[in-house]
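Visitor: To be precise about what I am sending: the file is called model-v3.cif and holds mmCIF, C-alpha atoms (C1' of nucleotides).
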data_work
#
loop_
_atom_site.label_atom_id
_atom_site.label_comp_id
_atom_site.auth_asym_id
_atom_site.auth_seq_id
_atom_site.Cartn_x
_atom_site.Cartn_y
_atom_site.Cartn_z
CA MET A 1167 90.95 -79.01 -203.45
CA ALA A 1168 93.75 -78.35 -205.84
CA ARG A 1169 96.93 -79.25 -204.09
CA THR A 1170 100.22 -77.43 -204.41
CA LEU A 1171 99.59 -76.13 -207.87
CA ALA A 1172 102.23 -73.51 -207.25
CA ASP A 1173 105.40 -73.84 -205.27
CA ARG A 1174 106.58 -71.04 -203.03
CA GLN A 1175 109.40 -70.44 -205.49
CA ASP A 1176 106.94 -70.00 -208.35
CA VAL A 1177 104.99 -67.33 -206.50
CA ILE A 1178 107.91 -65.05 -205.75
CA PRO A 1179 108.34 -63.67 -209.29
CA VAL A 1180 104.64 -62.84 -209.39
CA LEU A 1181 104.93 -61.13 -206.02
CA ALA A 1182 107.86 -59.18 -207.40
CA GLU A 1183 105.70 -57.85 -210.21
CA VAL A 1184 103.02 -56.74 -207.77
CA PHE A 1185 105.53 -54.92 -205.57
CA ARG A 1186 107.13 -53.44 -208.66
CA ASP A 1187 103.83 -52.04 -209.85
CA HIS A 1188 102.39 -50.86 -206.55
CA GLY A 1189 105.30 -50.45 -204.14
CA PHE A 1190 105.19 -51.99 -200.70
CA GLU A 1191 102.35 -49.99 -199.19
CA GLY A 1192 100.32 -50.06 -202.37
CA ALA A 1193 100.57 -53.82 -202.82
CA SER A 1194 97.37 -54.82 -201.05
CA LEU A 1195 96.65 -58.42 -200.18
CA SER A 1196 93.69 -58.35 -202.52
CA ALA A 1197 95.96 -57.26 -205.37
CA ILE A 1198 98.38 -60.03 -204.45
CA THR A 1199 95.71 -62.72 -204.32
CA ALA A 1200 94.32 -61.50 -207.63
CA ARG A 1201 97.68 -61.58 -209.44
CA THR A 1202 98.93 -64.81 -207.89
CA GLY A 1203 95.62 -66.62 -208.05
CA LEU A 1204 96.29 -67.85 -204.54
CA GLY A 1205 93.97 -67.39 -201.60
CA LYS A 1206 95.06 -65.82 -198.39
CA GLY A 1207 95.34 -69.24 -196.81
CA SER A 1208 97.95 -70.40 -199.28
CA LEU A 1209 99.77 -67.10 -199.11
CA TYR A 1210 100.02 -67.20 -195.35
CA ASN A 1211 100.97 -70.83 -195.53
CA PHE A 1212 103.96 -69.94 -197.71
CA PHE A 1213 104.72 -66.67 -195.93
CA PRO A 1214 103.60 -66.81 -192.30
CA GLY A 1215 105.07 -63.37 -191.76
CA GLY A 1216 102.57 -61.82 -194.15
CA LYS A 1217 103.36 -58.99 -196.52
CA ALA A 1218 106.68 -58.22 -194.88
CA GLU A 1219 107.92 -61.77 -195.42
CA MET A 1220 106.69 -61.72 -199.01
CA ALA A 1221 108.62 -58.52 -199.67
CA GLU A 1222 111.67 -59.97 -197.99
CA ALA A 1223 111.45 -63.06 -200.16
CA VAL A 1224 111.15 -60.89 -203.25
CA LEU A 1225 114.19 -58.84 -202.26
CA ALA A 1226 116.16 -62.01 -201.53
CA HIS A 1227 115.12 -63.43 -204.89
CA ILE A 1228 116.22 -60.30 -206.72
CA ASP A 1229 119.45 -60.25 -204.77
CA GLY A 1230 120.05 -63.86 -205.73
CA TRP A 1231 119.37 -63.19 -209.38
CA PHE A 1232 121.76 -60.28 -209.53
CA ARG A 1233 124.31 -62.19 -207.51
CA THR A 1234 124.45 -65.07 -209.96
CA HIS A 1235 123.92 -63.10 -213.16
CA VAL A 1236 125.77 -59.88 -212.38
CA PHE A 1237 127.78 -59.67 -209.19
CA ASP A 1238 129.48 -63.07 -209.31
CA PRO A 1239 130.54 -62.78 -212.96
CA LEU A 1240 131.98 -59.36 -212.16
CA GLU A 1241 133.95 -60.84 -209.31
CA THR A 1242 135.39 -63.86 -211.08
CA GLU A 1243 139.10 -63.67 -211.62
CA GLY A 1244 138.76 -63.77 -215.37
CA GLY A 1245 135.96 -61.16 -215.32
CA GLY A 1246 137.40 -57.82 -216.34
CA LEU A 1247 135.77 -55.77 -219.05
CA ALA A 1248 133.98 -58.72 -220.60
CA ALA A 1249 132.06 -59.19 -217.38
CA VAL A 1250 131.24 -55.49 -217.38
CA GLU A 1251 129.78 -55.79 -220.85
CA ALA A 1252 127.83 -58.85 -219.72
CA MET A 1253 126.50 -56.78 -216.82
CA PHE A 1254 125.15 -54.16 -219.20
CA GLN A 1255 123.44 -56.80 -221.29
CA ALA A 1256 121.94 -58.54 -218.27
CA THR A 1257 120.79 -55.21 -216.87
CA ASP A 1258 119.18 -54.17 -220.12
CA ALA A 1259 117.40 -57.49 -220.34
CA TYR A 1260 116.31 -57.47 -216.69
CA PHE A 1261 114.80 -54.00 -216.81
CA ARG A 1262 113.34 -54.63 -220.26
CA SER A 1263 115.17 -51.60 -221.65
CA GLY A 1264 113.58 -49.33 -219.08
CA GLN A 1265 110.01 -50.60 -219.21
CA ARG A 1266 110.48 -52.42 -215.94
CA VAL A 1267 111.32 -50.55 -212.80
CA CYS A 1268 113.71 -51.57 -210.02
CA VAL A 1269 111.87 -52.95 -207.01
CA VAL A 1270 114.79 -52.17 -204.73
CA GLY A 1271 114.86 -48.62 -206.02
CA VAL A 1272 111.13 -48.28 -205.41
CA PHE A 1273 111.62 -49.54 -201.87
CA ALA A 1274 114.56 -47.19 -201.36
CA LEU A 1275 112.46 -44.14 -202.18
CA GLY A 1276 109.26 -45.26 -200.50
CA ASP A 1277 108.43 -45.71 -196.86
CA ALA A 1278 109.59 -49.32 -196.99
CA ARG A 1279 113.14 -48.00 -196.87
CA ASP A 1280 113.27 -48.34 -193.09
CA LEU A 1281 111.75 -51.81 -192.93
CA PHE A 1282 114.14 -53.24 -195.50
CA ALA A 1283 117.06 -50.89 -195.01
CA ALA A 1284 119.59 -53.70 -194.70
CA GLN A 1285 118.52 -55.48 -197.90
CA VAL A 1286 118.24 -52.27 -199.88
CA HIS A 1287 121.65 -51.14 -198.72
CA GLY A 1288 123.17 -54.55 -199.35
CA TYR A 1289 121.89 -54.77 -202.90
CA PHE A 1290 123.29 -51.46 -204.06
CA ALA A 1291 126.50 -51.75 -202.06
CA ALA A 1292 127.16 -55.19 -203.55
CA TRP A 1293 126.55 -53.90 -207.06
CA VAL A 1294 128.87 -50.92 -206.71
CA GLN A 1295 131.55 -52.99 -205.04
CA ALA A 1296 131.41 -55.79 -207.60
CA LEU A 1297 131.62 -53.36 -210.49
CA ALA A 1298 134.42 -51.33 -208.94
CA GLY A 1299 136.33 -54.55 -208.28
CA ALA A 1300 136.03 -55.63 -211.89
CA LEU A 1301 137.29 -52.25 -213.06
CA VAL A 1302 140.26 -52.41 -210.73
CA ARG A 1303 141.03 -55.89 -211.96
CA ALA A 1304 140.94 -54.46 -215.48
CA GLY A 1305 143.75 -52.14 -214.49
CA ARG A 1306 141.84 -49.00 -213.55
CA ASP A 1307 142.78 -46.70 -210.71
CA PRO A 1308 140.90 -47.85 -207.57
CA ASP A 1309 139.53 -44.41 -206.64
CA GLN A 1310 138.44 -43.74 -210.20
CA ALA A 1311 136.92 -47.21 -210.42
CA GLN A 1312 134.87 -46.62 -207.28
CA ALA A 1313 133.59 -43.29 -208.61
CA ASP A 1314 132.80 -44.81 -212.00
CA ALA A 1315 130.96 -47.75 -210.46
CA GLU A 1316 128.87 -45.37 -208.39
CA GLU A 1317 128.12 -43.33 -211.49
CA VAL A 1318 127.01 -46.39 -213.43
CA VAL A 1319 124.67 -47.74 -210.75
CA ALA A 1320 123.21 -44.32 -209.98
CA GLY A 1321 122.92 -43.63 -213.70
CA ILE A 1322 120.91 -46.79 -214.23
CA GLN A 1323 118.54 -45.92 -211.41
CA GLY A 1324 118.13 -42.37 -212.62
CA ALA A 1325 117.48 -43.58 -216.14
CA LEU A 1326 114.74 -45.86 -214.82
CA VAL A 1327 113.09 -42.94 -213.04
CA LEU A 1328 113.35 -40.64 -216.03
CA SER A 1329 112.27 -43.12 -218.67
CA ARG A 1330 109.31 -44.04 -216.49
CA ALA A 1331 108.38 -40.40 -215.94
CA LEU A 1332 108.79 -39.41 -219.58
CA ASN A 1333 107.35 -42.73 -220.77
CA ASP A 1334 110.30 -43.04 -223.13
CA ASN A 1335 112.51 -46.12 -222.97
CA GLY A 1336 114.92 -44.30 -225.23
CA VAL A 1337 116.27 -42.56 -222.13
CA PHE A 1338 117.25 -45.89 -220.62
CA THR A 1339 118.80 -47.26 -223.78
CA ARG A 1340 120.77 -44.08 -224.40
CA THR A 1341 121.97 -43.97 -220.80
CA LEU A 1342 123.22 -47.54 -220.92
CA ALA A 1343 125.06 -46.80 -224.15
CA ARG A 1344 126.61 -43.67 -222.68
CA LEU A 1345 127.75 -45.48 -219.52
CA ARG A 1346 129.33 -48.21 -221.65
CA ARG A 1347 131.23 -45.59 -223.64
CA MET A 1348 132.26 -43.78 -220.48
CA LEU A 1349 133.83 -46.92 -219.03
CA ALA A 1350 135.51 -47.78 -222.32
CA ASP A 1351 137.02 -44.31 -222.80
CA ARG A 1352 138.33 -44.09 -219.25
CA MET B 1065 87.12 -22.32 -182.40
CA ALA B 1066 90.42 -21.26 -183.80
CA ARG B 1067 89.76 -19.64 -187.10
CA THR B 1068 91.98 -19.90 -190.14
CA LEU B 1069 95.21 -20.38 -188.25
CA ALA B 1070 96.77 -21.80 -191.36
CA ASP B 1071 96.26 -20.74 -194.92
CA ARG B 1072 95.96 -23.29 -197.67
CA GLN B 1073 99.29 -22.11 -198.98
CA ASP B 1074 100.93 -22.77 -195.62
CA VAL B 1075 99.72 -26.37 -195.56
CA ILE B 1076 101.11 -27.37 -198.94
CA PRO B 1077 104.79 -27.56 -197.89
CA VAL B 1078 103.82 -29.75 -194.95
CA LEU B 1079 101.80 -31.96 -197.27
CA ALA B 1080 104.83 -32.17 -199.52
CA GLU B 1081 106.92 -33.53 -196.67
CA VAL B 1082 104.31 -36.17 -195.89
CA PHE B 1083 104.14 -37.30 -199.51
CA ARG B 1084 107.92 -37.20 -199.70
CA ASP B 1085 108.23 -39.50 -196.69
CA HIS B 1086 105.41 -41.91 -197.40
CA GLY B 1087 104.66 -41.71 -201.11
CA PHE B 1088 101.12 -41.24 -202.36
CA GLU B 1089 99.59 -44.50 -201.19
CA GLY B 1090 101.47 -44.46 -197.92
CA ALA B 1091 100.41 -40.95 -197.00
CA SER B 1092 97.34 -41.79 -194.96
CA LEU B 1093 94.89 -39.11 -193.91
CA SER B 1094 95.77 -39.78 -190.30
CA ALA B 1095 99.45 -39.14 -191.05
CA ILE B 1096 98.48 -35.96 -192.84
CA THR B 1097 96.28 -34.69 -190.02
CA ALA B 1098 99.03 -35.51 -187.52
CA ARG B 1099 101.75 -33.66 -189.43
CA THR B 1100 99.63 -30.68 -190.43
CA GLY B 1101 97.79 -30.38 -187.14
CA LEU B 1102 94.60 -29.90 -189.15
CA GLY B 1103 91.50 -32.02 -188.80
CA LYS B 1104 89.95 -33.82 -191.69
CA GLY B 1105 87.28 -31.17 -191.93
CA SER B 1106 89.79 -28.37 -192.48
CA LEU B 1107 91.72 -30.48 -194.93
CA TYR B 1108 88.63 -31.19 -196.97
CA ASN B 1109 87.70 -27.56 -196.76
CA PHE B 1110 90.98 -26.63 -198.40
CA PHE B 1111 91.09 -29.62 -200.74
CA PRO B 1112 87.56 -30.81 -201.55
CA GLY B 1113 89.03 -33.40 -203.87
CA GLY B 1114 90.72 -35.18 -200.99
CA LYS B 1115 94.13 -36.78 -201.18
CA ALA B 1116 94.31 -36.53 -204.95
CA GLU B 1117 93.80 -32.77 -204.83
CA MET B 1118 96.36 -32.44 -202.05
CA ALA B 1119 98.92 -34.32 -204.12
CA GLU B 1120 98.08 -32.24 -207.14
CA ALA B 1121 98.57 -29.05 -205.13
CA VAL B 1122 101.91 -30.35 -203.89
CA LEU B 1123 103.04 -31.19 -207.42
CA ALA B 1124 101.91 -27.79 -208.65
CA HIS B 1125 103.76 -26.12 -205.79
CA ILE B 1126 106.96 -27.99 -206.57
CA ASP B 1127 106.55 -27.23 -210.25
CA GLY B 1128 106.13 -23.57 -209.40
CA TRP B 1129 109.22 -23.54 -207.20
CA PHE B 1130 111.39 -25.13 -209.87
CA ARG B 1131 109.90 -22.92 -212.51
CA THR B 1132 110.85 -19.71 -210.72
CA HIS B 1133 114.12 -20.89 -209.19
CA VAL B 1134 115.45 -23.19 -211.89
CA PHE B 1135 113.62 -23.35 -215.20
CA ASP B 1136 112.99 -19.64 -215.74
CA PRO B 1137 116.57 -18.60 -214.90
CA LEU B 1138 117.80 -21.23 -217.32
CA GLU B 1139 115.55 -19.84 -220.02
CA THR B 1140 116.37 -16.15 -219.64
CA GLU B 1141 118.28 -14.68 -222.54
CA GLY B 1142 121.29 -13.87 -220.38
CA GLY B 1143 121.22 -17.28 -218.68
CA GLY B 1144 123.95 -19.41 -220.18
CA LEU B 1145 126.42 -21.23 -217.99
CA ALA B 1146 125.89 -18.94 -215.01
CA ALA B 1147 122.25 -20.08 -214.86
CA VAL B 1148 123.41 -23.69 -215.09
CA GLU B 1149 125.66 -23.15 -212.08
CA ALA B 1150 122.76 -21.51 -210.26
CA MET B 1151 120.66 -24.57 -211.07
CA PHE B 1152 123.18 -26.86 -209.42
CA GLN B 1153 123.26 -24.69 -206.32
CA ALA B 1154 119.47 -24.48 -206.13
CA THR B 1155 119.19 -28.22 -206.66
CA ASP B 1156 121.72 -29.00 -203.96
CA ALA B 1157 119.91 -26.71 -201.54
CA TYR B 1158 116.46 -28.05 -202.43
CA PHE B 1159 117.39 -31.70 -201.97
CA ARG B 1160 119.47 -30.89 -198.90
CA SER B 1161 122.53 -32.50 -200.49
CA GLY B 1162 120.67 -35.75 -200.94
CA GLN B 1163 118.94 -36.03 -197.61
CA ARG B 1164 115.67 -35.02 -199.16
CA VAL B 1165 114.09 -37.10 -201.86
CA CYS B 1166 112.26 -35.93 -204.97
CA VAL B 1167 108.49 -36.15 -204.59
CA VAL B 1168 107.99 -36.23 -208.34
CA GLY B 1169 110.52 -39.04 -208.62
CA VAL B 1170 108.75 -40.97 -205.89
CA PHE B 1171 105.47 -40.53 -207.73
CA ALA B 1172 107.08 -41.55 -211.01
CA LEU B 1173 108.19 -44.90 -209.58
CA GLY B 1174 105.13 -45.60 -207.45
CA ASP B 1175 101.59 -46.40 -208.47
CA ALA B 1176 100.72 -42.71 -208.50
CA ARG B 1177 102.47 -42.51 -211.84
CA ASP B 1178 99.23 -43.07 -213.73
CA LEU B 1179 97.14 -40.65 -211.67
CA PHE B 1180 99.62 -37.81 -212.07
CA ALA B 1181 101.24 -38.84 -215.32
CA ALA B 1182 100.81 -35.43 -216.89
CA GLN B 1183 102.37 -33.49 -214.01
CA VAL B 1184 105.21 -35.97 -213.58
CA HIS B 1185 105.96 -35.88 -217.27
CA GLY B 1186 105.69 -32.11 -217.41
CA TYR B 1187 108.09 -31.56 -214.54
CA PHE B 1188 110.91 -33.64 -215.95
CA ALA B 1189 110.32 -32.60 -219.54
CA ALA B 1190 110.45 -28.94 -218.53
CA TRP B 1191 113.66 -29.48 -216.60
CA VAL B 1192 115.44 -31.27 -219.45
CA GLN B 1193 114.20 -28.77 -221.99
CA ALA B 1194 115.19 -25.72 -219.95
CA LEU B 1195 118.66 -27.08 -219.30
CA ALA B 1196 119.21 -28.13 -222.89
CA GLY B 1197 118.09 -24.69 -224.03
CA ALA B 1198 120.58 -22.98 -221.75
CA LEU B 1199 123.37 -25.18 -223.04
CA VAL B 1200 122.48 -24.44 -226.64
CA ARG B 1201 122.40 -20.74 -225.84
CA ALA B 1202 125.90 -21.21 -224.39
CA GLY B 1203 127.03 -22.38 -227.79
CA ARG B 1204 126.78 -26.15 -227.41
CA ASP B 1205 125.66 -28.48 -230.15
CA PRO B 1206 121.88 -28.98 -229.85
CA ASP B 1207 121.96 -32.79 -229.97
CA GLN B 1208 124.80 -32.96 -227.48
CA ALA B 1209 123.03 -30.44 -225.25
CA GLN B 1210 119.86 -32.54 -225.22
CA ALA B 1211 121.83 -35.66 -224.30
CA ASP B 1212 123.77 -33.81 -221.61
CA ALA B 1213 120.62 -32.31 -220.10
CA GLU B 1214 119.05 -35.76 -219.97
CA GLU B 1215 122.18 -37.11 -218.32
CA VAL B 1216 122.15 -34.38 -215.68
CA VAL B 1217 118.50 -34.76 -214.71
CA ALA B 1218 118.68 -38.54 -214.69
CA GLY B 1219 121.96 -38.39 -212.80
CA ILE B 1220 120.39 -36.26 -210.08
CA GLN B 1221 117.48 -38.65 -209.69
CA GLY B 1222 119.76 -41.66 -209.61
CA ALA B 1223 121.98 -40.01 -207.04
CA LEU B 1224 118.94 -39.42 -204.85
CA VAL B 1225 117.99 -43.08 -205.06
CA LEU B 1226 121.50 -44.29 -204.37
CA SER B 1227 122.31 -41.90 -201.54
CA ARG B 1228 119.01 -42.78 -199.94
CA ALA B 1229 119.66 -46.50 -200.30
CA LEU B 1230 123.25 -46.34 -199.08
CA ASN B 1231 122.38 -43.68 -196.51
CA ASP B 1232 125.33 -41.65 -197.74
CA ASN B 1233 124.82 -38.09 -198.93
CA GLY B 1234 128.34 -38.20 -200.29
CA VAL B 1235 126.93 -39.95 -203.35
CA PHE B 1236 124.70 -36.98 -204.10
CA THR B 1237 127.40 -34.37 -203.52
CA ARG B 1238 129.93 -36.24 -205.65
CA THR B 1239 127.40 -36.75 -208.44
CA LEU B 1240 126.55 -33.06 -208.55
CA ALA B 1241 130.25 -32.20 -208.69
CA ARG B 1242 130.84 -34.70 -211.47
CA LEU B 1243 127.90 -33.41 -213.53
CA ARG B 1244 129.19 -29.86 -213.14
CA ARG B 1245 132.61 -30.94 -214.39
CA MET B 1246 131.07 -32.89 -217.25
CA LEU B 1247 129.19 -29.85 -218.52
CA ALA B 1248 132.24 -27.62 -218.10
CA ASP B 1249 134.56 -29.97 -219.98
CA ARG B 1250 132.18 -30.48 -222.88
"C1'" DG C 1010 90.24 -98.78 -198.74
"C1'" DC C 1011 91.67 -96.06 -195.06
"C1'" DG C 1012 93.56 -92.41 -192.19
"C1'" DG C 1013 96.56 -88.74 -191.36
"C1'" DC C 1014 98.70 -84.73 -193.16
"C1'" DG C 1015 99.12 -80.59 -195.42
"C1'" DT C 1016 97.12 -77.34 -198.62
"C1'" DT C 1017 93.29 -74.60 -199.63
"C1'" DG C 1018 89.05 -71.66 -199.63
"C1'" DT C 1019 86.22 -68.98 -196.79
"C1'" DA C 1020 84.26 -66.63 -193.07
"C1'" DC C 1021 85.55 -63.59 -189.86
"C1'" DC C 1022 88.28 -60.15 -187.04
"C1'" DA C 1023 89.62 -55.45 -185.28
"C1'" DA C 1024 91.74 -51.54 -187.19
"C1'" DT C 1025 92.13 -48.26 -190.47
"C1'" DC C 1026 91.18 -46.47 -194.90
"C1'" DG C 1027 89.29 -42.13 -197.48
"C1'" DG C 1028 85.43 -39.41 -197.16
"C1'" DT C 1029 80.81 -37.11 -195.45
"C1'" DA C 1030 77.63 -34.45 -192.71
"C1'" DA C 1031 76.13 -31.81 -189.29
"C1'" DA C 1032 76.89 -29.65 -184.86
"C1'" DT C 1033 79.99 -26.09 -182.84
"C1'" DG C 1034 81.77 -21.85 -182.10
"C1'" DA C 1035 84.77 -17.75 -183.29
"C1'" DC C 1036 84.80 -13.88 -186.09
"C1'" DG C 1037 83.21 -9.49 -188.86
"C1'" DT C 1038 79.42 -6.55 -189.54
"C1'" DA C 1039 75.88 -3.80 -188.29
"C1'" DT D 825 75.00 -6.46 -178.67
"C1'" DA D 826 72.81 -9.46 -181.88
"C1'" DC D 827 73.34 -11.90 -185.99
"C1'" DG D 828 74.92 -14.36 -190.03
"C1'" DT D 829 78.86 -16.46 -192.00
"C1'" DC D 830 82.06 -19.92 -192.37
"C1'" DA D 831 86.11 -22.50 -190.82
"C1'" DT D 832 86.72 -26.17 -187.69
"C1'" DT D 833 85.63 -30.07 -184.88
"C1'" DT D 834 83.65 -34.33 -184.20
"C1'" DA D 835 81.09 -38.39 -184.84
"C1'" DC D 836 80.09 -41.37 -188.17
"C1'" DC D 837 79.91 -43.91 -192.81
"C1'" DG D 838 80.81 -48.10 -195.78
"C1'" DA D 839 84.75 -50.22 -197.75
"C1'" DT D 840 89.05 -52.20 -197.40
"C1'" DT D 841 93.18 -53.11 -194.86
"C1'" DG D 842 96.41 -57.01 -193.05
"C1'" DG D 843 95.78 -61.00 -190.51
"C1'" DT D 844 93.56 -65.27 -188.09
"C1'" DA D 845 90.87 -69.48 -187.45
"C1'" DC D 846 89.01 -73.27 -189.13
"C1'" DA D 847 86.60 -76.51 -191.79
"C1'" DA D 848 86.75 -78.82 -196.23
"C1'" DC D 849 89.26 -81.26 -199.22
"C1'" DG D 850 92.95 -83.91 -202.11
"C1'" DC D 851 97.04 -86.43 -201.95
"C1'" DC D 852 100.12 -90.07 -200.17
"C1'" DG D 853 101.72 -93.96 -197.33
"C1'" DC D 854 99.94 -97.86 -195.43
#
I'd like the structure from this file rewritten - as structure tokens, please.
Guide:
Amino acid sequence: MARTLADRQDVIPVLAEVFRDHGFEGASLSAITARTGLGKGSLYNFFPGGKAEMAEAVLAHIDGWFRTHVFDPLETEGGGLAAVEAMFQATDAYFRSGQRVCVVGVFALGDARDLFAAQVHGYFAAWVQALAGALVRAGRDPDQAQADAEEVVAGIQGALVLSRALNDNGVFTRTLARLRRMLADR
Amino acid sequence: MARTLADRQDVIPVLAEVFRDHGFEGASLSAITARTGLGKGSLYNFFPGGKAEMAEAVLAHIDGWFRTHVFDPLETEGGGLAAVEAMFQATDAYFRSGQRVCVVGVFALGDARDLFAAQVHGYFAAWVQALAGALVRAGRDPDQAQADAEEVVAGIQGALVLSRALNDNGVFTRTLARLRRMLADR
DNA sequence: GCGGCGTTGTACCAATCGGTAAATGACGTA
DNA sequence: TACGTCATTTACCGATTGGTACAACGCCGC
């Protein structure tokens, strides 16, 4: 038999796409095997905990990506407004200008919110905190920075919902532009 | 046997809560029978189309509620900024200051988005259009009004996601306050 | 060349899925 | 009081769910 064609690490992004498209409940094992090309045996070899462990790995992977590409840059000493601009670019790229939806957001709204409450909370809390920190380091008022950071993160999530519902990525692009302006004019 | 204890109309709000909590896929018939207290037979008597028809009825019910309590007031000739303020109050009450989540938003992110694309699109499009119309009637620039309306609706959805994820209704309350201010200062 | 190890496909499991059909029984009418 | 109507209950359907067990197989060290 074909041996270790795919590493566990290689499967996670595919799993992420399945969860993104179907949510946690909707991501059936048959859908997962179909998209990954892996049989149940391999899947349960990589993730003995089943679907829950797969979802956890996906969340951890996403968290890691944002940590290295978004949160950490925001928190570096030099960061400041340049890091904020980098965040917007990374975000736009990650969500494919609104065509891709946020897995963590999907989990937050769905019934997976209880199962993965800690990860979901951690992801958004880290994002808001990192952004607020960067704004403070750029000389903004701490309270205002906190409120602005919340507005940006919530705005991105709302834009994802709306652009998905209206099937119009323009909503996402416009929202990102507006949030950029908002932070610049503050 | 007990005869017609519950009307079809009485069941719909309960169904809405089930779909709100579990999403479309996650709302199993057993969960529905448990919450409604109705057997499958009664359910299929009311909704011959099964789960899909139940969800459609829920979406139609929500659409009707927003139409009478939000969209129509926004579109009345007298409307203007008073209707906008009424919208914020109705919205805050409906979503229980962020403790309740938006069924249409949940559907928009989940895999039900294709099944109910028309209703999901219609709901959000109607909301944005009604709000933008009211702003124009209040003397605002049409392009700016459209952008602001989009920002408000997306902001509300994002606030629901974030307050749910962070388990902090403060996010929703603050967002609503900020959006009010934004429209007033424009 | 050989043997062990680890990955893999597959058959299988109970439970549950959404949905159907017919028996059951309470009501309104006469 | 007898009957017909119709909502409700209940048992049941095949399909699919997430998950397990295991045998078959390829790779690697020896």
Visitor: For chain D versus chain A, which residues have an atom no more than 9 Å away, and what is each residue's nearest atom pair and distance in Å rounded to one decimal, using all atoms listed in the file, chain-then-number order, as JSON lines?
Guide:
{"residue": "D:DT841", "atom": "C1'", "partner": "A:Ser1194", "partner_atom": "CA", "distance": 7.7}
{"residue": "D:DG842", "atom": "C1'", "partner": "A:Leu1195", "partner_atom": "CA", "distance": 7.3}
{"residue": "D:DG843", "atom": "C1'", "partner": "A:Gly1216", "partner_atom": "CA", "distance": 7.7}
{"residue": "D:DA848", "atom": "C1'", "partner": "A:Met1167", "partner_atom": "CA", "distance": 8.4}
{"residue": "D:DC849", "atom": "C1'", "partner": "A:Met1167", "partner_atom": "CA", "distance": 5.1}
{"residue": "D:DG850", "atom": "C1'", "partner": "A:Met1167", "partner_atom": "CA", "distance": 5.5}
{"residue": "D:DC851", "atom": "C1'", "partner": "A:Arg1169", "partner_atom": "CA", "distance": 7.5}
Visitor: What is the distance between atom CA of Leu1138 of chain B and atom CA of Gln1323 of chain A, in Å to one decimal?
Guide: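 Here the two named atoms are 25.4 Å from each other.
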Visitor: Enumerate, as JSON, numbers by chain, the residues matched when the PyMOL selection byres ((chain D and resi 827-835) around 10) is run on the file above.
Guide: {"B": [1065, 1066, 1067, 1068, 1069, 1102, 1103, 1104, 1105, 1106, 1107, 1109, 1110], "C": [1030, 1031, 1032, 1033, 1034, 1035, 1036, 1037, 1038, 1039], "D": [825, 826, 836, 837]}
Visitor: Go through the shown structure with the PyMOL selection byres ((chain C and resi 1020-1024) around 8) and write out the matching residues as a list of chain:residue names.
Guide: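 Matching residues under the PyMOL selection byres ((chain C and resi 1020-1024) around 8) are C:DT1019, C:DT1025, D:DT841, D:DT844.
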Visitor: State, in Å with one decimal place, the distance from atom CA of Leu1199 of chain B to atom CA of Asp1212 of chain B.
Guide: 8.8 Å
Visitor: Just so the selection is clear, what residues does the PyMOL selection byres ((chain A and resi 1250) around 9) cover here, as a ChimeraX atom specification?
Guide: /A:1236,1239-1240,1245-1249,1251-1255,1297,1300-1301,1346
Visitor: Would you list the contacts of Leu1275 of chain A as number ranges by chain, taking every protein, DNA or RNA residue within 9 Å and counting all atoms listed in the file, but skipping same-chain residues closer than 6 positions in sequence?
Guide: B: 1084-1087, 1165-1166, 1169-1170, 1173, 1224-1225, 1228-1229
Visitor: Could you please tell me, as a PyMOL selection string, which residues of chain A have an atom within 6 Å of chain B when using all atoms listed in the file?
Guide: chain A and resi 1188-1189+1191-1192+1274+1276-1277+1286-1287+1320-1321+1323-1325+1328+1331-1332
Visitor: Would you compute the distance between atom CA of Asp1176 of chain A and atom CA of Ala1218 of chain A? Give it in Å to one decimal.
Guide: 17.9 Å
Visitor: List the residues sitting within 8 Å of (116.3, -27.7, -227.1) in the file's frame, using all atoms listed in the file, as a short mmCIF file (atom, residue, chain, number, x, y, z; two decimals) with C-alpha atoms, in the coordinates of the input.
Guide:
data_model
loop_
_atom_site.label_atom_id
_atom_site.label_comp_id
_atom_site.auth_asym_id
_atom_site.auth_seq_id
_atom_site.Cartn_x
_atom_site.Cartn_y
_atom_site.Cartn_z
CA GLN B 1193 114.20 -28.77 -221.99
CA ALA B 1194 115.19 -25.72 -219.95
CA ALA B 1196 119.21 -28.13 -222.89
CA GLY B 1197 118.09 -24.69 -224.03
CA VAL B 1200 122.48 -24.44 -226.64
CA PRO B 1206 121.88 -28.98 -229.85
CA ALA B 1209 123.03 -30.44 -225.25
CA GLN B 1210 119.86 -32.54 -225.22
#
Visitor: With N, CA and C atoms as the target, complete segment 1182-1186 of chain B and hand it back as a short mmCIF file (atom, residue, chain, number, x, y, z; two decimals), in the frame of the given file.
Guide:
data_model
loop_
_atom_site.label_atom_id
_atom_site.label_comp_id
_atom_site.auth_asym_id
_atom_site.auth_seq_id
_atom_site.Cartn_x
_atom_site.Cartn_y
_atom_site.Cartn_z
N ALA B 1182 100.59 -36.68 -216.18
CA ALA B 1182 100.81 -35.43 -216.89
C ALA B 1182 101.76 -34.53 -216.11
N GLN B 1183 101.51 -34.37 -214.80
CA GLN B 1183 102.37 -33.49 -214.01
C GLN B 1183 103.78 -34.03 -213.90
N VAL B 1184 103.89 -35.35 -213.70
CA VAL B 1184 105.21 -35.97 -213.58
C VAL B 1184 105.99 -35.78 -214.87
N HIS B 1185 105.32 -36.06 -215.98
CA HIS B 1185 105.96 -35.88 -217.27
C HIS B 1185 106.36 -34.43 -217.48
N GLY B 1186 105.43 -33.53 -217.19
CA GLY B 1186 105.69 -32.11 -217.41
C GLY B 1186 106.89 -31.59 -216.64
#
